[in-house]
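> Sharing entry-v7.cif, mmCIF, C-alpha atoms:
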```cif
data_work
loop_
_atom_site.label_atom_id
_atom_site.label_comp_id
_atom_site.auth_asym_id
_atom_site.auth_seq_id
_atom_site.Cartn_x
_atom_site.Cartn_y
_atom_site.Cartn_z
CA MET U 122 -55.72 48.52 96.60
CA ALA U 123 -58.82 47.43 98.54
CA GLU U 124 -57.65 43.82 98.35
CA VAL U 125 -54.28 44.72 99.85
CA VAL U 126 -55.99 46.55 102.71
CA ALA U 127 -58.38 43.64 103.31
CA THR U 128 -55.50 41.17 103.37
CA GLY U 129 -53.63 43.35 105.83
CA LEU U 130 -56.68 43.63 108.08
CA ARG U 131 -57.23 39.87 108.03
CA SER U 132 -53.60 39.31 108.95
CA GLU U 133 -53.78 41.83 111.78
CA ASN U 134 -57.00 40.28 113.10
CA ALA U 135 -55.43 36.81 113.03
CA LYS U 136 -52.39 38.12 114.91
CA GLN U 137 -54.56 39.75 117.58
CA ARG U 138 -56.68 36.61 117.95
CA ALA U 139 -53.54 34.48 118.30
CA ASN U 140 -52.10 36.80 120.96
CA GLN U 141 -55.39 36.74 122.86
CA VAL U 142 -55.44 32.93 122.91
CA LEU U 143 -51.77 32.80 123.99
CA ASP U 144 -52.51 35.24 126.81
CA ASN U 145 -55.52 33.22 127.97
CA TYR U 146 -53.48 30.01 127.88
CA ARG U 147 -50.76 31.62 130.02
CA LYS U 148 -53.36 32.66 132.60
CA ALA U 149 -55.11 29.28 132.47
CA PHE U 150 -52.06 27.14 133.25
CA SER U 151 -49.52 29.30 135.08
CA GLY U 152 -48.85 29.01 138.81
CA PHE U 153 -49.94 25.41 139.23
CA PRO U 154 -47.51 22.79 140.59
CA GLU U 155 -47.10 19.50 138.70
CA ASP U 156 -49.63 17.59 140.80
CA GLU U 157 -52.30 20.21 140.19
CA LEU U 158 -51.49 20.36 136.47
CA ALA U 159 -52.04 16.62 136.32
CA ILE U 160 -55.50 17.14 137.81
CA LEU U 161 -56.19 19.86 135.21
CA ASP U 162 -55.25 17.26 132.58
CA GLY U 163 -57.85 14.87 133.93
CA VAL U 164 -55.52 12.76 136.09
CA MET U 165 -57.29 12.60 139.44
CA LEU U 166 -54.52 12.15 141.98
CA GLU U 167 -55.47 11.30 145.53
CA PRO U 168 -53.27 10.98 148.61
CA VAL U 169 -51.95 7.44 149.01
CA VAL U 170 -53.17 5.84 152.21
CA THR U 171 -50.35 3.79 153.71
CA THR U 172 -50.58 1.51 156.69
CA ARG U 173 -47.77 0.25 158.92
CA ARG U 174 -48.13 -3.18 157.27
CA SER U 175 -47.83 -1.85 153.70
CA ARG U 176 -44.88 0.37 154.62
CA ARG U 177 -43.01 -2.68 155.88
CA GLY U 178 -43.88 -4.52 152.66
CA GLU U 179 -45.60 -7.27 154.61
CA MET R 50 -40.59 20.36 113.12
CA ILE R 51 -44.20 20.12 111.99
CA ASP R 52 -45.29 22.92 109.68
CA PRO R 53 -48.11 24.86 111.41
CA ALA R 54 -49.73 25.24 108.00
CA ALA R 55 -50.24 21.44 107.94
CA GLY R 56 -53.01 21.83 110.54
CA PRO R 57 -55.56 21.94 111.86
CA PHE R 58 -54.67 19.41 114.51
CA LEU R 59 -56.73 17.97 117.36
CA PHE R 60 -54.89 18.43 120.66
CA ASP R 61 -55.24 15.83 123.40
CA THR R 62 -55.96 17.22 126.87
CA SER R 63 -52.40 16.94 128.17
CA ALA R 64 -50.90 18.07 124.83
CA GLU R 65 -52.94 21.27 124.94
CA SER R 66 -51.71 22.25 128.41
CA TRP R 67 -48.16 21.07 127.68
CA LEU R 68 -47.89 23.32 124.65
CA ALA R 69 -49.58 26.24 126.41
CA ARG R 70 -47.02 26.05 129.25
CA GLN R 71 -43.89 25.99 127.10
CA THR R 72 -41.65 29.02 127.53
CA ASP R 73 -39.09 27.95 124.92
CA ARG R 74 -38.99 30.72 122.30
CA ASN R 75 -39.36 28.22 119.46
CA ALA R 76 -42.46 26.76 121.10
CA VAL R 77 -44.09 30.15 121.57
CA THR R 78 -43.23 31.09 117.98
CA TRP R 79 -44.63 27.79 116.69
CA LEU R 80 -47.89 28.18 118.63
CA GLY R 81 -48.23 31.82 117.54
CA ARG R 82 -47.80 30.86 113.88
CA TYR R 83 -50.23 27.95 114.27
CA LEU R 84 -52.86 30.15 115.92
CA ARG R 85 -52.74 32.65 113.08
CA LEU R 86 -53.76 29.85 110.71
CA HIS R 87 -55.89 27.47 112.77
CA PRO R 88 -57.64 27.14 116.11
CA VAL R 89 -56.24 24.75 118.73
CA ALA R 90 -58.93 22.16 118.08
CA ILE R 91 -59.91 20.08 121.10
CA SER R 92 -62.58 17.52 121.84
CA ALA R 93 -65.57 18.35 124.00
CA VAL R 94 -64.18 15.57 126.21
CA THR R 95 -61.12 17.73 126.89
CA VAL R 96 -63.39 20.54 128.07
CA THR R 97 -65.07 18.08 130.45
CA GLU R 98 -61.72 16.86 131.83
CA ARG R 99 -60.42 20.40 132.21
CA VAL R 100 -63.50 21.83 133.94
CA ARG R 101 -63.59 18.82 136.25
CA GLY R 102 -59.94 19.54 137.08
CA TYR R 103 -60.48 23.24 137.84
CA SER R 104 -63.56 22.43 139.90
CA THR R 105 -61.71 19.73 141.87
CA LEU R 106 -58.83 22.08 142.64
CA TRP R 107 -61.25 24.85 143.62
CA ARG R 108 -63.10 22.59 146.06
CA ARG R 109 -59.85 21.32 147.60
CA ALA R 110 -58.25 24.77 147.85
CA ALA R 111 -58.09 27.08 150.83
CA PRO R 112 -60.53 30.01 150.51
CA GLU R 113 -57.72 32.49 149.74
CA ALA R 114 -56.52 30.36 146.78
CA ARG R 115 -59.90 29.97 145.15
CA GLU R 116 -59.92 33.33 143.38
CA ARG R 117 -56.72 32.46 141.49
CA ILE R 118 -58.12 29.08 140.41
CA GLU R 119 -61.38 30.65 139.28
CA ALA R 120 -59.46 33.29 137.26
CA ALA R 121 -57.51 30.49 135.54
CA ARG R 122 -60.73 28.63 134.78
CA VAL R 123 -62.34 31.75 133.28
CA ALA R 124 -59.22 32.40 131.16
CA TYR R 125 -59.39 28.84 129.84
CA LEU R 126 -63.09 29.00 129.08
CA SER R 127 -62.82 32.40 127.39
CA GLN R 128 -60.69 30.96 124.58
CA LEU R 129 -63.29 28.31 123.76
CA THR R 130 -65.34 30.82 121.80
CA HIS R 131 -63.56 30.52 118.47
CA GLY R 132 -65.25 27.34 117.27
CA ASN R 133 -62.38 25.13 118.33
CA VAL R 134 -64.32 22.50 120.33
CA LEU R 135 -65.25 19.42 118.28
CA PRO R 136 -68.43 17.74 119.54
CA VAL R 137 -69.04 14.14 120.52
CA ASN R 138 -71.70 13.53 117.89
CA SER R 139 -73.27 10.25 116.79
CA ALA R 140 -70.37 9.36 114.48
CA VAL R 141 -67.80 9.97 117.23
CA ALA R 142 -69.92 7.97 119.68
CA VAL R 143 -70.03 4.96 117.33
CA VAL R 144 -66.29 5.05 116.59
CA ALA R 145 -65.44 5.53 120.29
CA GLY R 146 -67.53 2.46 121.13
CA GLU R 147 -65.53 0.44 118.61
CA VAL R 148 -62.25 1.73 120.05
CA MET R 149 -63.30 0.89 123.62
CA ALA R 150 -64.29 -2.64 122.60
CA LEU R 151 -61.00 -3.16 120.74
CA VAL R 152 -58.81 -1.94 123.57
CA PRO R 153 -60.88 -2.30 126.74
CA ASP R 154 -58.05 -1.95 129.23
CA PRO R 155 -55.56 0.90 129.53
CA PRO R 156 -52.11 -0.08 128.25
CA THR R 157 -50.36 1.82 131.04
CA PRO R 158 -50.90 1.64 134.82
CA PRO R 159 -52.52 4.33 136.98
CA ARG R 160 -50.37 7.44 137.39
CA ARG R 161 -48.38 7.90 140.61
CA SER R 162 -46.68 11.02 141.86
CA HIS R 163 -44.76 11.07 145.12
CA ARG R 164 -47.45 10.44 147.74
CA LEU R 165 -50.34 10.78 145.32
CA ALA R 166 -51.86 8.15 143.07
CA GLU R 167 -54.64 7.69 140.55
CA SER R 168 -57.26 5.08 141.40
CA ARG R 169 -57.86 2.19 139.00
CA GLN R 170 -61.39 3.48 138.53
CA ASP R 171 -60.17 6.93 137.49
CA ARG R 172 -57.50 5.40 135.25
CA LEU R 173 -60.18 3.42 133.41
CA ALA R 174 -62.38 6.52 133.08
CA ARG R 175 -59.45 8.48 131.64
CA TRP R 176 -58.78 5.65 129.20
CA ARG R 177 -62.38 5.84 128.02
CA PHE R 178 -61.97 9.59 127.53
CA ASP R 179 -58.80 8.97 125.47
CA GLY R 180 -60.80 6.61 123.25
CA MET R 181 -63.38 9.34 122.66
CA ILE R 182 -60.66 11.87 121.83
CA ALA R 183 -59.03 9.47 119.36
CA ALA R 184 -62.45 8.83 117.80
CA THR R 185 -62.98 12.59 117.45
CA ALA R 186 -59.72 12.94 115.51
CA LEU R 187 -60.54 9.93 113.37
CA VAL R 188 -63.99 11.21 112.43
CA ALA R 189 -62.70 14.74 111.79
CA GLY R 190 -59.90 13.30 109.67
CA ILE R 191 -57.22 15.40 111.32
CA PRO R 192 -54.00 14.39 113.11
CA LEU R 193 -54.07 13.98 116.88
CA VAL R 194 -51.33 15.79 118.81
CA HIS R 195 -50.68 13.87 122.01
CA ASN R 196 -48.38 13.70 125.00
CA ASN R 197 -48.99 10.04 125.72
CA ALA R 198 -47.40 7.77 123.12
CA ALA R 199 -48.01 4.43 124.84
CA ASP R 200 -51.77 4.91 125.10
CA PHE R 201 -52.52 6.43 121.72
CA GLU R 202 -50.19 4.11 119.81
CA ALA R 203 -52.20 1.22 121.23
CA VAL R 204 -55.37 2.76 119.83
CA ARG R 205 -53.76 3.49 116.47
CA SER R 206 -52.43 -0.03 115.99
CA ALA R 207 -55.73 -1.58 117.08
CA ILE R 208 -57.54 0.48 114.45
CA GLU R 209 -55.01 -0.57 111.81
CA ARG R 210 -55.53 -4.24 112.68
CA THR R 211 -59.29 -4.02 112.18
CA PRO R 212 -59.98 -1.48 109.42
CA GLU R 213 -63.30 -3.20 108.64
CA ARG R 214 -64.68 -1.79 111.91
CA PHE R 215 -63.85 1.76 110.74
CA PRO R 216 -65.09 1.99 107.14
CA GLY R 217 -63.99 5.12 105.36
CA LEU R 218 -61.92 6.27 108.32
CA GLY R 219 -58.29 6.26 109.27
CA PRO R 220 -55.53 5.69 109.68
CA LEU R 221 -55.30 7.58 112.96
CA GLU R 222 -52.43 10.00 112.45
CA LEU R 223 -50.51 10.76 115.63
CA ILE R 224 -48.03 13.58 116.35
CA ARG R 225 -46.04 13.70 119.60
CA CYS R 226 -46.25 17.24 120.93
CA SER R 227 -42.50 17.31 121.60
CA LEU R 228 -41.96 16.97 117.83
CA LEU R 229 -44.04 20.00 116.90
CA TYR R 230 -41.11 22.38 117.00
CA ASP R 231 -37.32 22.37 117.33
CA PHE R 232 -36.18 22.73 120.93
CA GLN R 233 -33.70 25.52 121.57
CA THR R 234 -30.27 24.22 122.45
#
```
Render the structure in this file as structure tokens.

Amino acid sequence: MAEVVATGLRSENAKQRANQVLDNYRKAFSGFPEDELAILDGVMLEPVVTTRRSRRGE
Amino acid sequence: MIDPAAGPFLFDTSAESWLARQTDRNAVTWLGRYLRLHPVAISAVTVTERVRGYSTLWRRAAPEARERIEAARVAYLSQLTHGNVLPVNSAVAVVAGEVMALVPDPPTPPRRSHRLAESRQDRLARWRFDGMIAATALVAGIPLVHNNAADFEAVRSAIERTPERFPGLGPLELIRCSLLYDFQT
């Protein structure tokens, strides 16, 4: 009987922990456009500096 | 589909955020099942990349947007408390050095996006980080879930070509994050 209760508690704790991580992940990554998500992934994107010469392909 | 019970897996930086952002019901179900069995293991390098990203966005943002970015950063950091961050210890450092010597240059060019681009310097730094993440998976002996096949396949094949440089380790097992679960049709 005690073993059944312990197993149930462990399962419930694991479920709660999983839901907590899922909730944190949603908050951590929602609302960012693609460019900002790339930065969060370690891809440091900077504005491209173009000159008249490079735009003409010269 | 990859059985969540086959974990734990080490998640690359972009694989972690990719999976966390999926709204597909099968993806959410897969991640929920996985989390009941294992933590989303990540390298300490991923924490560095992520915190650098949040901090960069915060510094670039208008004052009224900073609170939202800080809340996202706190949410991310608050789930690092379950023992899921694998350290860069001496073994990882040695293996990462071997990986970096084997494949010194990134196999893919700097990332571009509309009017934004990654500098060659940052691309090289990110490549070094990828080497450290691959080394972390190799030392831990767990599969690496990634969202960047070209880069990590280059590391995997380089390790396979020179097993004598990685005694007792490998092969590096790779899993594309899009193969973790069945997409809804």
> Can you pull out every residue within 8 Å of region 161-165 of chain U, counting all atoms listed in the file, but drop anything in the same chain fewer than 2 positions away, and send it as a list in words?
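Near neighbours after the sequence-gap exclusion: Glu157, Leu158, Ala159 and Glu167 of chain U; Thr62, Ser63, Ser66, Glu98, Arg99, Val100, Arg101, Gly102, Tyr103, Arg160, Ala166, Glu167, Ser168, Asp171, Arg172 and Arg175 of chain R.
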> Set the cut-off to 10 Å and count all atoms listed in the file: what are the residues of chain U that reach chain R? Output as a ChimeraX atom specification.
/U:131-153,155-171
> If you apply the PyMOL selection byres ((chain R and resi 230) around 10) to this file, what residues do you get, as a VMD selection string?
chain R and resid 50 to 53 73 75 to 80 226 to 229 231 to 233
> Quick one: residues within 9 Å of Phe215 (chain R), only C-alpha atoms counted, chain neighbours fewer than 5 positions away excluded, as a list in words?
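Once the adjacent positions are removed, what remains is Val144, Glu147 and Ile208 of chain R.
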> Mind giving me the straight-line distance from CA of Ala207 (chain R) to CA of Pro153 (chain R) in Å, one decimal?
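Taking CA of Ala207 (chain R) and CA of Pro153 (chain R), their separation equals 11.0 Å.
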> For the atom pair CA of Ser92 (chain R) and CA of Pro192 (chain R), what is the interatomic distance in Å to one decimal place?
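Straight-line distance from CA of Ser92 (chain R) to CA of Pro192 (chain R) works out to 12.6 Å.
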> One number please: CA of Pro220 (chain R) to CA of Val137 (chain R), in Å, one decimal.
19.3 Å
> Add whatever atoms are absent from region 146-173 of chain R to reach N, CA and C atoms, and provide the output as a PDB file, in the coordinates of the input.

```
ATOM      1  N   GLY R 146     -67.076   3.770 120.633  1.00  0.00           N
ATOM      2  CA  GLY R 146     -67.530   2.460 121.130  1.00  0.00           C
ATOM      3  C   GLY R 146     -66.688   1.339 120.545  1.00  0.00           C
ATOM      4  N   GLU R 147     -66.372   1.442 119.256  1.00  0.00           N
ATOM      5  CA  GLU R 147     -65.530   0.440 118.610  1.00  0.00           C
ATOM      6  C   GLU R 147     -64.126   0.432 119.238  1.00  0.00           C
ATOM      7  N   VAL R 148     -63.594   1.624 119.452  1.00  0.00           N
ATOM      8  CA  VAL R 148     -62.250   1.730 120.050  1.00  0.00           C
ATOM      9  C   VAL R 148     -62.242   1.103 121.439  1.00  0.00           C
ATOM     10  N   MET R 149     -63.253   1.411 122.236  1.00  0.00           N
ATOM     11  CA  MET R 149     -63.300   0.890 123.620  1.00  0.00           C
ATOM     12  C   MET R 149     -63.439  -0.627 123.641  1.00  0.00           C
ATOM     13  N   ALA R 150     -64.157  -1.175 122.658  1.00  0.00           N
ATOM     14  CA  ALA R 150     -64.290  -2.640 122.600  1.00  0.00           C
ATOM     15  C   ALA R 150     -62.977  -3.293 122.147  1.00  0.00           C
ATOM     16  N   LEU R 151     -62.266  -2.607 121.243  1.00  0.00           N
ATOM     17  CA  LEU R 151     -61.000  -3.160 120.740  1.00  0.00           C
ATOM     18  C   LEU R 151     -59.904  -3.149 121.794  1.00  0.00           C
ATOM     19  N   VAL R 152     -59.861  -2.069 122.556  1.00  0.00           N
ATOM     20  CA  VAL R 152     -58.810  -1.940 123.570  1.00  0.00           C
ATOM     21  C   VAL R 152     -59.488  -1.595 124.900  1.00  0.00           C
ATOM     22  N   PRO R 153     -60.070  -2.599 125.553  1.00  0.00           N
ATOM     23  CA  PRO R 153     -60.880  -2.300 126.740  1.00  0.00           C
ATOM     24  C   PRO R 153     -60.078  -1.841 127.948  1.00  0.00           C
ATOM     25  N   ASP R 154     -58.839  -2.298 128.032  1.00  0.00           N
ATOM     26  CA  ASP R 154     -58.050  -1.950 129.230  1.00  0.00           C
ATOM     27  C   ASP R 154     -56.938  -0.985 128.892  1.00  0.00           C
ATOM     28  N   PRO R 155     -56.642  -0.046 129.799  1.00  0.00           N
ATOM     29  CA  PRO R 155     -55.560   0.900 129.530  1.00  0.00           C
ATOM     30  C   PRO R 155     -54.216   0.196 129.421  1.00  0.00           C
ATOM     31  N   PRO R 156     -53.402   0.580 128.433  1.00  0.00           N
ATOM     32  CA  PRO R 156     -52.110  -0.080 128.250  1.00  0.00           C
ATOM     33  C   PRO R 156     -51.091   0.293 129.319  1.00  0.00           C
ATOM     34  N   THR R 157     -51.324   1.375 130.022  1.00  0.00           N
ATOM     35  CA  THR R 157     -50.360   1.820 131.040  1.00  0.00           C
ATOM     36  C   THR R 157     -51.051   1.866 132.397  1.00  0.00           C
ATOM     37  N   PRO R 158     -50.284   1.696 133.483  1.00  0.00           N
ATOM     38  CA  PRO R 158     -50.900   1.640 134.820  1.00  0.00           C
ATOM     39  C   PRO R 158     -51.369   3.013 135.292  1.00  0.00           C
ATOM     40  N   PRO R 159     -52.113   3.037 136.399  1.00  0.00           N
ATOM     41  CA  PRO R 159     -52.520   4.330 136.980  1.00  0.00           C
ATOM     42  C   PRO R 159     -51.298   5.193 137.286  1.00  0.00           C
ATOM     43  N   ARG R 160     -51.458   6.494 137.167  1.00  0.00           N
ATOM     44  CA  ARG R 160     -50.370   7.440 137.390  1.00  0.00           C
ATOM     45  C   ARG R 160     -50.074   7.553 138.895  1.00  0.00           C
ATOM     46  N   ARG R 161     -48.797   7.670 139.221  1.00  0.00           N
ATOM     47  CA  ARG R 161     -48.380   7.900 140.610  1.00  0.00           C
ATOM     48  C   ARG R 161     -47.476   9.112 140.643  1.00  0.00           C
ATOM     49  N   SER R 162     -47.526   9.850 141.723  1.00  0.00           N
ATOM     50  CA  SER R 162     -46.680  11.020 141.860  1.00  0.00           C
ATOM     51  C   SER R 162     -46.385  11.231 143.338  1.00  0.00           C
ATOM     52  N   HIS R 163     -45.185  10.910 143.731  1.00  0.00           N
ATOM     53  CA  HIS R 163     -44.760  11.070 145.120  1.00  0.00           C
ATOM     54  C   HIS R 163     -45.761  10.349 146.036  1.00  0.00           C
ATOM     55  N   ARG R 164     -46.511  11.085 146.832  1.00  0.00           N
ATOM     56  CA  ARG R 164     -47.450  10.440 147.740  1.00  0.00           C
ATOM     57  C   ARG R 164     -48.881  10.486 147.226  1.00  0.00           C
ATOM     58  N   LEU R 165     -49.013  10.734 145.930  1.00  0.00           N
ATOM     59  CA  LEU R 165     -50.340  10.780 145.320  1.00  0.00           C
ATOM     60  C   LEU R 165     -50.445   9.660 144.278  1.00  0.00           C
ATOM     61  N   ALA R 166     -51.665   9.203 144.062  1.00  0.00           N
ATOM     62  CA  ALA R 166     -51.860   8.150 143.070  1.00  0.00           C
ATOM     63  C   ALA R 166     -53.253   8.270 142.456  1.00  0.00           C
ATOM     64  N   GLU R 167     -53.358   7.731 141.248  1.00  0.00           N
ATOM     65  CA  GLU R 167     -54.640   7.690 140.550  1.00  0.00           C
ATOM     66  C   GLU R 167     -55.296   6.349 140.844  1.00  0.00           C
ATOM     67  N   SER R 168     -56.575   6.353 141.138  1.00  0.00           N
ATOM     68  CA  SER R 168     -57.260   5.080 141.400  1.00  0.00           C
ATOM     69  C   SER R 168     -57.441   4.322 140.092  1.00  0.00           C
ATOM     70  N   ARG R 169     -57.624   2.997 140.205  1.00  0.00           N
ATOM     71  CA  ARG R 169     -57.860   2.190 139.000  1.00  0.00           C
ATOM     72  C   ARG R 169     -59.135   2.625 138.303  1.00  0.00           C
ATOM     73  N   GLN R 170     -60.115   3.024 139.093  1.00  0.00           N
ATOM     74  CA  GLN R 170     -61.390   3.480 138.530  1.00  0.00           C
ATOM     75  C   GLN R 170     -61.187   4.750 137.687  1.00  0.00           C
ATOM     76  N   ASP R 171     -60.421   5.697 138.229  1.00  0.00           N
ATOM     77  CA  ASP R 171     -60.170   6.930 137.490  1.00  0.00           C
ATOM     78  C   ASP R 171     -59.296   6.676 136.262  1.00  0.00           C
ATOM     79  N   ARG R 172     -58.354   5.733 136.395  1.00  0.00           N
ATOM     80  CA  ARG R 172     -57.500   5.400 135.250  1.00  0.00           C
ATOM     81  C   ARG R 172     -58.344   4.868 134.091  1.00  0.00           C
ATOM     82  N   LEU R 173     -59.310   3.996 134.435  1.00  0.00           N
ATOM     83  CA  LEU R 173     -60.180   3.420 133.410  1.00  0.00           C
ATOM     84  C   LEU R 173     -61.056   4.519 132.777  1.00  0.00           C
TER      85      LEU R 173
END
```
